[in-house]
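Novice: Dropping in query.cif, which is mmCIF, C-alpha atoms:
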data_work
loop_
_atom_site.label_atom_id
_atom_site.label_comp_id
_atom_site.auth_asym_id
_atom_site.auth_seq_id
_atom_site.Cartn_x
_atom_site.Cartn_y
_atom_site.Cartn_z
CA MET A 1129 -11.03 5.13 4.65
CA SER A 1130 -14.49 3.84 4.02
CA THR A 1131 -15.58 0.64 5.70
CA THR A 1132 -18.72 0.26 3.61
CA SER A 1133 -18.95 -1.97 0.59
CA PRO A 1134 -16.38 -0.75 -1.96
CA SER A 1135 -17.52 0.48 -5.34
CA PRO A 1136 -15.83 0.82 -8.71
CA VAL A 1137 -13.51 3.78 -9.11
CA SER A 1138 -15.20 6.90 -10.45
CA PRO A 1139 -12.67 9.42 -11.78
CA GLU A 1140 -15.20 12.22 -11.45
CA GLY A 1141 -15.64 11.43 -7.78
CA THR A 1142 -12.00 11.14 -6.83
CA ARG A 1143 -10.31 14.17 -8.37
CA ASN A 1144 -8.36 16.25 -5.87
CA GLY A 1145 -8.88 19.52 -7.68
CA GLY A 1146 -5.56 19.56 -9.54
CA ASP A 1147 -4.70 18.89 -13.15
CA LEU A 1148 -4.31 15.17 -12.44
CA PRO A 1149 -6.67 12.81 -10.65
CA TYR A 1150 -3.69 11.74 -8.51
CA ARG A 1151 -0.07 12.80 -8.69
CA LEU A 1152 1.22 9.57 -7.14
CA ILE A 1153 0.22 6.00 -8.04
CA ALA A 1154 1.39 3.58 -5.34
CA THR A 1155 1.20 -0.09 -6.27
CA ASP A 1156 1.95 -3.20 -4.31
CA LEU A 1157 3.98 -5.75 -6.27
CA ASP A 1158 2.99 -9.42 -5.75
CA GLY A 1159 -0.68 -10.07 -6.30
CA THR A 1160 -1.27 -6.53 -7.53
CA LEU A 1161 1.07 -5.13 -10.18
CA LEU A 1162 2.49 -8.55 -11.06
CA THR A 1163 0.50 -11.34 -12.63
CA SER A 1164 0.66 -14.83 -11.18
CA GLY A 1165 3.52 -15.42 -13.60
CA GLU A 1166 5.42 -12.52 -11.96
CA THR A 1167 5.29 -10.28 -15.01
CA VAL A 1168 3.64 -6.95 -15.75
CA SER A 1169 1.13 -7.27 -18.57
CA GLU A 1170 1.41 -5.13 -21.69
CA ARG A 1171 -1.90 -3.49 -20.87
CA THR A 1172 -0.70 -2.49 -17.40
CA ARG A 1173 2.60 -1.22 -18.81
CA ALA A 1174 0.70 0.91 -21.31
CA ALA A 1175 -1.68 2.30 -18.69
CA LEU A 1176 1.22 3.24 -16.42
CA ALA A 1177 3.05 4.83 -19.34
CA THR A 1178 0.00 6.94 -20.16
CA ALA A 1179 -0.38 8.04 -16.53
CA THR A 1180 3.28 8.92 -16.09
CA GLY A 1181 3.30 10.58 -19.50
CA ALA A 1182 0.53 12.83 -18.21
CA GLY A 1183 2.71 13.79 -15.25
CA ALA A 1184 1.82 11.28 -12.54
CA LEU A 1185 4.50 9.44 -10.59
CA HIS A 1186 4.50 5.68 -10.04
CA ILE A 1187 6.03 4.10 -6.95
CA ILE A 1188 6.18 0.41 -6.06
CA VAL A 1189 5.55 -0.37 -2.39
CA THR A 1190 6.38 -3.99 -1.63
CA GLY A 1191 6.90 -6.29 1.30
CA ARG A 1192 9.86 -7.79 -0.49
CA SER A 1193 13.24 -6.63 0.69
CA ALA A 1194 15.27 -4.76 -1.89
CA VAL A 1195 17.47 -7.79 -2.52
CA TRP A 1196 14.38 -9.84 -3.44
CA ALA A 1197 12.70 -6.99 -5.31
CA ARG A 1198 15.69 -6.00 -7.43
CA PRO A 1199 15.48 -8.91 -9.92
CA VAL A 1200 11.81 -8.12 -10.51
CA PHE A 1201 12.49 -4.41 -10.93
CA ASP A 1202 15.24 -5.18 -13.43
CA GLU A 1203 12.98 -7.60 -15.31
CA ILE A 1204 10.08 -5.15 -15.62
CA GLY A 1205 12.32 -2.14 -16.27
CA TYR A 1206 11.37 -0.25 -13.12
CA THR A 1207 13.95 2.46 -12.33
CA GLY A 1208 12.11 4.71 -9.89
CA ILE A 1209 12.06 5.02 -6.13
CA ALA A 1210 10.57 2.00 -4.36
CA VAL A 1211 9.50 1.24 -0.82
CA CYS A 1212 10.72 -2.24 0.12
CA GLY A 1213 10.73 -4.51 3.17
CA GLN A 1214 7.27 -3.43 4.41
CA GLY A 1215 8.49 0.15 4.65
CA ALA A 1216 11.93 -0.50 6.13
CA GLN A 1217 13.80 0.45 2.95
CA VAL A 1218 13.49 3.28 0.47
CA TYR A 1219 15.36 2.06 -2.58
CA ASP A 1220 16.49 3.78 -5.77
CA ALA A 1221 15.90 1.00 -8.29
CA GLY A 1222 17.66 2.81 -11.13
CA ALA A 1223 20.84 3.44 -9.15
CA HIS A 1224 20.58 0.15 -7.20
CA LYS A 1225 21.06 2.17 -4.01
CA LEU A 1226 19.42 2.08 -0.59
CA LEU A 1227 18.32 5.55 0.50
CA THR A 1228 17.03 4.52 3.93
CA SER A 1229 17.13 1.28 5.88
CA LEU A 1230 15.70 0.36 9.30
CA THR A 1231 16.64 -2.74 11.26
CA LEU A 1232 14.81 -5.02 13.67
CA ASP A 1233 16.26 -5.12 17.18
CA ARG A 1234 17.52 -8.70 17.44
CA ARG A 1235 17.14 -8.87 21.21
CA LEU A 1236 13.48 -7.84 20.96
CA ALA A 1237 12.98 -10.19 18.02
CA ALA A 1238 14.35 -13.16 19.96
CA LEU A 1239 12.15 -12.27 22.95
CA ALA A 1240 9.14 -11.95 20.64
CA ILE A 1241 9.79 -15.43 19.23
CA GLU A 1242 10.05 -16.82 22.74
CA GLN A 1243 6.74 -15.26 23.76
CA ILE A 1244 4.93 -16.35 20.60
CA GLU A 1245 6.15 -19.93 20.92
CA ALA A 1246 4.97 -19.98 24.53
CA GLU A 1247 1.48 -19.57 23.10
CA THR A 1248 1.65 -21.44 19.79
CA GLY A 1249 4.36 -24.03 20.21
CA PRO A 1250 7.34 -24.36 17.83
CA LEU A 1251 7.65 -22.02 14.87
CA ALA A 1252 9.57 -22.30 11.62
CA ILE A 1253 11.54 -19.07 11.22
CA ALA A 1254 13.41 -17.22 8.49
CA ALA A 1255 15.40 -14.01 8.82
CA ASN A 1256 15.96 -11.24 6.29
CA GLN A 1257 19.44 -9.76 6.71
CA ASP A 1258 19.75 -6.00 6.36
CA GLY A 1259 21.28 -4.27 3.34
CA LEU A 1260 21.55 -4.86 -0.39
CA ASP A 1261 23.86 -7.80 0.18
CA GLY A 1262 21.62 -9.26 2.86
CA GLN A 1263 20.43 -12.82 2.40
CA VAL A 1264 17.27 -14.55 3.53
CA LEU A 1265 18.24 -17.20 6.07
CA ALA A 1266 15.73 -20.04 6.45
CA GLY A 1267 15.74 -22.04 9.66
CA PRO A 1268 14.63 -25.67 10.05
CA GLY A 1269 11.20 -26.33 8.56
CA TYR A 1270 10.70 -22.94 6.93
CA GLU A 1271 9.32 -23.21 3.38
CA LEU A 1272 9.03 -20.23 1.06
CA LEU A 1273 5.56 -20.21 -0.50
CA ILE A 1274 5.66 -17.07 -2.65
CA GLY A 1275 7.90 -15.95 -5.48
CA SER A 1276 9.88 -18.14 -7.81
CA ASP A 1277 13.54 -18.95 -7.49
CA LEU A 1278 14.08 -16.49 -4.65
CA PRO A 1279 17.41 -17.29 -3.01
CA VAL A 1280 17.41 -18.57 0.57
CA VAL A 1281 20.26 -19.91 2.69
CA ARG A 1282 19.54 -22.82 5.02
CA VAL A 1283 20.86 -22.37 8.56
CA ASP A 1284 20.17 -23.73 12.02
CA ARG A 1285 18.15 -21.57 14.38
CA ASP A 1286 21.20 -20.13 16.12
CA GLY A 1287 22.41 -18.84 12.75
CA LEU A 1288 19.36 -16.63 12.23
CA PHE A 1289 20.38 -13.86 14.60
CA GLY A 1290 24.08 -13.44 13.84
CA SER A 1291 23.86 -10.25 11.77
CA PRO A 1292 21.64 -7.14 11.51
CA LEU A 1293 18.12 -8.00 10.33
CA SER A 1294 15.31 -6.13 8.64
CA LYS A 1295 12.58 -8.62 9.63
CA LEU A 1296 11.69 -12.19 10.55
CA TYR A 1297 9.26 -14.56 8.84
CA ILE A 1298 7.35 -17.11 10.89
CA GLN A 1299 5.29 -20.19 10.01
CA HIS A 1300 3.36 -22.72 12.06
CA HIS A 1301 2.63 -26.33 11.13
CA ALA A 1302 -1.07 -26.14 12.10
CA LEU A 1303 -2.24 -22.53 12.40
CA THR A 1304 -3.50 -20.59 9.41
CA ASP A 1305 -1.66 -17.42 8.46
CA ASP A 1306 -4.41 -15.25 9.94
CA ALA A 1307 -4.52 -17.26 13.16
CA LEU A 1308 -0.73 -17.17 13.50
CA ALA A 1309 -0.64 -13.40 12.94
CA GLU A 1310 -3.33 -12.88 15.56
CA ALA A 1311 -1.53 -15.12 18.06
CA ALA A 1312 1.74 -13.29 17.43
CA ARG A 1313 0.07 -9.93 18.04
CA ARG A 1314 -1.41 -11.14 21.31
CA ALA A 1315 1.85 -12.59 22.52
CA ALA A 1316 4.37 -10.04 21.28
CA GLY A 1317 2.56 -7.07 19.78
CA ASN A 1318 4.18 -4.80 22.36
CA LEU A 1319 7.63 -5.78 21.07
CA VAL A 1320 7.32 -6.07 17.29
CA GLY A 1321 4.96 -5.28 14.47
CA VAL A 1322 3.14 -8.28 13.00
CA VAL A 1323 1.78 -8.45 9.46
CA MET A 1324 0.40 -11.08 7.10
CA ALA A 1325 1.85 -10.32 3.69
CA GLY A 1326 0.93 -13.33 1.56
CA PRO A 1327 0.49 -17.10 1.61
CA GLY A 1328 2.77 -18.51 4.30
CA VAL A 1329 4.25 -15.09 4.98
CA VAL A 1330 3.67 -13.76 8.49
CA GLU A 1331 6.34 -11.20 9.33
CA LEU A 1332 7.77 -9.63 12.47
CA LEU A 1333 8.88 -6.02 11.92
CA PRO A 1334 10.27 -3.10 13.91
CA LEU A 1335 7.41 -1.80 16.04
CA GLY A 1336 5.51 0.97 14.26
CA LEU A 1337 6.90 0.17 10.82
CA SER A 1338 4.48 -0.24 7.91
CA LYS A 1339 4.13 0.40 4.22
CA ALA A 1340 2.53 3.71 5.21
CA THR A 1341 5.58 4.91 7.12
CA GLY A 1342 7.90 3.97 4.26
CA LEU A 1343 5.60 5.51 1.65
CA ALA A 1344 5.39 8.73 3.65
CA VAL A 1345 9.19 9.00 3.65
CA ALA A 1346 9.39 8.31 -0.09
CA ALA A 1347 6.56 10.72 -0.87
CA ARG A 1348 8.36 13.54 0.92
CA ARG A 1349 11.40 12.87 -1.24
CA LEU A 1350 9.17 13.06 -4.31
CA GLY A 1351 7.37 16.19 -3.15
CA VAL A 1352 3.97 14.49 -3.11
CA ARG A 1353 1.31 14.41 -0.38
CA ALA A 1354 -0.98 11.66 0.85
CA ALA A 1355 -3.89 13.67 -0.58
CA ASP A 1356 -2.30 13.28 -4.02
CA THR A 1357 -2.02 9.48 -3.81
CA ILE A 1358 -4.01 6.51 -5.06
CA ALA A 1359 -2.88 3.11 -3.76
CA PHE A 1360 -3.41 -0.44 -5.04
CA GLY A 1361 -2.95 -3.62 -2.99
CA ASP A 1362 -4.16 -7.11 -2.11
CA MET A 1363 -3.02 -8.13 1.38
CA PRO A 1364 -3.39 -7.03 5.03
CA ASN A 1365 0.06 -5.44 4.91
CA ASP A 1366 -1.48 -2.92 2.49
CA VAL A 1367 -4.05 -1.72 5.05
CA PRO A 1368 -1.78 1.03 6.50
CA MET A 1369 -0.95 2.23 2.98
CA PHE A 1370 -4.68 2.52 2.23
CA GLY A 1371 -5.11 4.46 5.45
CA TRP A 1372 -2.37 6.90 4.41
CA ALA A 1373 -3.36 7.41 0.77
CA ALA A 1374 -6.33 9.48 -0.37
CA TYR A 1375 -7.88 6.50 -2.16
CA GLY A 1376 -7.31 2.76 -1.84
CA VAL A 1377 -8.17 0.23 -4.52
CA ALA A 1378 -8.17 -3.47 -3.64
CA MET A 1379 -7.72 -6.20 -6.20
CA ALA A 1380 -10.56 -8.68 -6.67
CA ASN A 1381 -8.18 -11.33 -5.32
CA ALA A 1382 -7.52 -9.29 -2.15
CA HIS A 1383 -7.66 -10.55 1.42
CA GLU A 1384 -10.95 -9.81 3.21
CA GLU A 1385 -9.16 -7.55 5.71
CA LEU A 1386 -8.09 -5.22 2.91
CA LEU A 1387 -11.43 -5.43 1.10
CA ALA A 1388 -13.09 -4.20 4.29
CA VAL A 1389 -11.23 -0.87 4.21
CA ALA A 1390 -10.90 -0.32 0.45
CA ASP A 1391 -12.60 2.60 -1.28
CA ALA A 1392 -12.96 0.54 -4.42
CA VAL A 1393 -12.39 -2.95 -5.82
CA THR A 1394 -10.97 -3.60 -9.26
CA ALA A 1395 -10.36 -6.76 -11.27
CA GLY A 1396 -7.75 -9.27 -10.13
CA ASN A 1397 -4.04 -9.06 -10.82
CA ASP A 1398 -4.37 -11.59 -13.65
CA GLU A 1399 -7.16 -9.51 -15.23
CA ASP A 1400 -5.26 -6.21 -15.43
CA GLY A 1401 -7.03 -4.70 -12.44
CA VAL A 1402 -4.54 -1.85 -12.02
CA ALA A 1403 -4.78 -0.97 -15.70
CA ALA A 1404 -8.59 -0.97 -15.62
CA VAL A 1405 -8.55 1.82 -13.04
CA LEU A 1406 -5.71 3.82 -14.55
CA GLU A 1407 -7.29 3.78 -18.00
CA ARG A 1408 -10.35 5.55 -16.56
CA LEU A 1409 -8.35 8.01 -14.51
CA TYR A 1410 -5.74 8.81 -17.15
CA PRO A 1411 -7.34 8.19 -20.56
CA ALA A 1412 -5.05 8.06 -23.58
CA HIS A 1413 -5.43 10.91 -26.03
#
Show the structure stored in the file as structure tokens.
Specialist:
Amino acid sequence: MSTTSPSPVSPEGTRNGGDLPYRLIATDLDGTLLTSGETVSERTRAALATATGAGALHIIVTGRSAVWARPVFDEIGYTGIAVCGQGAQVYDAGAHKLLTSLTLDRRLAALAIEQIEAETGPLAIAANQDGLDGQVLAGPGYELLIGSDLPVVRVDRDGLFGSPLSKLYIQHHALTDDALAEAARRAAGNLVGVVMAGPGVVELLPLGLSKATGLAVAARRLGVRAADTIAFGDMPNDVPMFGWAAYGVAMANAHEELLAVADAVTAGNDEDGVAAVLERLYPAH
């Protein structure tokens, strides 16, 4: 990936030599494909329809677990394969079926929390249970800051670790998201993966897991290579996906960490940034 100043996408400069500019279009969900109102604009729908009509594949790669992503997929009519839970789950949205699912070792997760709190002081914690029936359990003080009407179950801290988990969410009363993520990496980066995925969303994951690892698994199922892939995103959790894909496009509203490694920058998610790129790469005839 380039670390120089990103430039607008040039279809002539990004073709991989095949009949299509890219065979796979990988889009993040919140802050990228979705508007602030959590919808997909008509322009973006049309651009995706043109691209897929030309033979490209579209895959959603989201930090949301499948249980939180499913209502959005149903609302926007997405029925393809999706990568959910920061790469932990490969999910068939049309069949409402998990194809793969990885879990976070609860013993390591509890030790990671202990080590992080030794450095930062008390954390507010939430836990994402594994599976399609898994709930998000919110411990004392944890406040969900993204999404609308996403279901959470309030529990005490001891109730967070009672069943298999896909990931933990952590918050701190004083530290910024970036500062908390950095502190967590210093304290427990040898035990768990740490990623900042959105406002108030710092996550602890199985070590080595990322959107890139999940996308690689899904791409093999689809018969598509990294060299065939263009990716869109807005947050630091999209950095590994940009590293895996042939070309990474950051939204104008993207976090500076992602902007630093993007090959190109498009308009924001409320200005049809994904569509603006796809319309140039896959023009309607």
Novice: For the provided coordinates, the residues matched by the PyMOL selection byres ((chain A and resi 1383) around 12) should be stated as a VMD selection string.
Specialist: chain A and resid 1159 to 1160 1305 to 1306 1324 to 1327 1361 to 1367 1378 to 1382 1384 to 1390 1393 1396
Novice: Using the chain letters and numbering of this document, enumerate as a ChimeraX atom specification the residues selected by the PyMOL selection byres ((chain A and resi 1203) around 12).
Specialist: /A:1162,1166-1168,1197-1202,1204-1207,1221
Novice: Keeping only C-alpha atoms, take the residues you just selected and write them out as a CSV table (one decimal), keeping the file's coordinate frame.
Specialist:
chain,number,residue,atom,x,y,z
A,1162,LEU,CA,2.5,-8.6,-11.1
A,1166,GLU,CA,5.4,-12.5,-12.0
A,1167,THR,CA,5.3,-10.3,-15.0
A,1168,VAL,CA,3.6,-7.0,-15.8
A,1197,ALA,CA,12.7,-7.0,-5.3
A,1198,ARG,CA,15.7,-6.0,-7.4
A,1199,PRO,CA,15.5,-8.9,-9.9
A,1200,VAL,CA,11.8,-8.1,-10.5
A,1201,PHE,CA,12.5,-4.4,-10.9
A,1202,ASP,CA,15.2,-5.2,-13.4
A,1204,ILE,CA,10.1,-5.2,-15.6
A,1205,GLY,CA,12.3,-2.1,-16.3
A,1206,TYR,CA,11.4,-0.2,-13.1
A,1207,THR,CA,14.0,2.5,-12.3
A,1221,ALA,CA,15.9,1.0,-8.3
Novice: Name the residues within 10 Å of (-8.0, 2.5, -16.8), counting all atoms listed in the file in the file's coordinates, and put them as a PyMOL selection string.
Specialist: chain A and resi 1137+1139+1171-1172+1174-1176+1178-1179+1400-1412
Novice: Can I get the selection written as a CSV table (one decimal), keeping the file's coordinate frame, with C-alpha atoms?
Specialist:
chain,number,residue,atom,x,y,z
A,1137,VAL,CA,-13.5,3.8,-9.1
A,1139,PRO,CA,-12.7,9.4,-11.8
A,1171,ARG,CA,-1.9,-3.5,-20.9
A,1172,THR,CA,-0.7,-2.5,-17.4
A,1174,ALA,CA,0.7,0.9,-21.3
A,1175,ALA,CA,-1.7,2.3,-18.7
A,1176,LEU,CA,1.2,3.2,-16.4
A,1178,THR,CA,0.0,6.9,-20.2
A,1179,ALA,CA,-0.4,8.0,-16.5
A,1400,ASP,CA,-5.3,-6.2,-15.4
A,1401,GLY,CA,-7.0,-4.7,-12.4
A,1402,VAL,CA,-4.5,-1.8,-12.0
A,1403,ALA,CA,-4.8,-1.0,-15.7
A,1404,ALA,CA,-8.6,-1.0,-15.6
A,1405,VAL,CA,-8.6,1.8,-13.0
A,1406,LEU,CA,-5.7,3.8,-14.6
A,1407,GLU,CA,-7.3,3.8,-18.0
A,1408,ARG,CA,-10.4,5.6,-16.6
A,1409,LEU,CA,-8.4,8.0,-14.5
A,1410,TYR,CA,-5.7,8.8,-17.2
A,1411,PRO,CA,-7.3,8.2,-20.6
A,1412,ALA,CA,-5.0,8.1,-23.6
Novice: Which distance in Å separates atom CA of A:Arg1349 and atom CA of A:Thr1155, to one decimal?
Specialist: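 Atom-to-atom, atom CA of A:Arg1349 to atom CA of A:Thr1155, that is 17.2 Å.
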Novice: Could you jot down the atom CA of A:Ala1344 to atom CA of A:Gly1208 separation for me, Å, one decimal place?
Specialist: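 Taking atom CA of A:Ala1344 as the start and atom CA of A:Gly1208 as the end point, the length is 15.6 Å.
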Novice: Would you work out the distance separating atom CA of A:Gln1243 from atom CA of A:Gly1287, expressed in Å to one decimal?
Specialist: 19.5 Å
Novice: Exactly which residues make up the result of the PyMOL selection byres ((chain A and resi 1237) around 12) on this file, given as a PyMOL selection string?
Specialist: chain A and resi 1231-1236+1238-1244+1253-1255+1288-1289+1292-1298+1312+1316-1322+1331-1335
Novice: Would you list the residues near (22.1, -15.0, 3.3), meaning any protein, DNA or RNA residue with an atom at most 10 Å from that point in file coordinates, counting all atoms listed in the file, as number ranges by chain?
Specialist: A: 1255-1258, 1261-1266, 1279-1283, 1288, 1291
Novice: So that I can see what lies close to stretch 1187-1196 of chain A, please list as a PyMOL selection string the residues with an atom at most 6 Å from it, counting all atoms listed in the file and leaving out residues fewer than 3 positions away in the same chain.
Specialist: chain A and resi 1154-1157+1210-1214+1260
Novice: Looking at A:Met1369, A:Thr1304, A:Gly1259, A:Gly1222, which one is nearest to A:Ala1347, with distances taken over all atoms listed in the file?
Specialist: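 Distance minimum relative to A:Ala1347 lands on A:Met1369.
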Novice: Within 12 Å of A:Arg1348, counting only C-alpha atoms, which residues qualify if same-chain residues fewer than 6 places away don't, as a PyMOL selection string?
Specialist: chain A and resi 1152+1209+1218+1341-1342+1354+1356
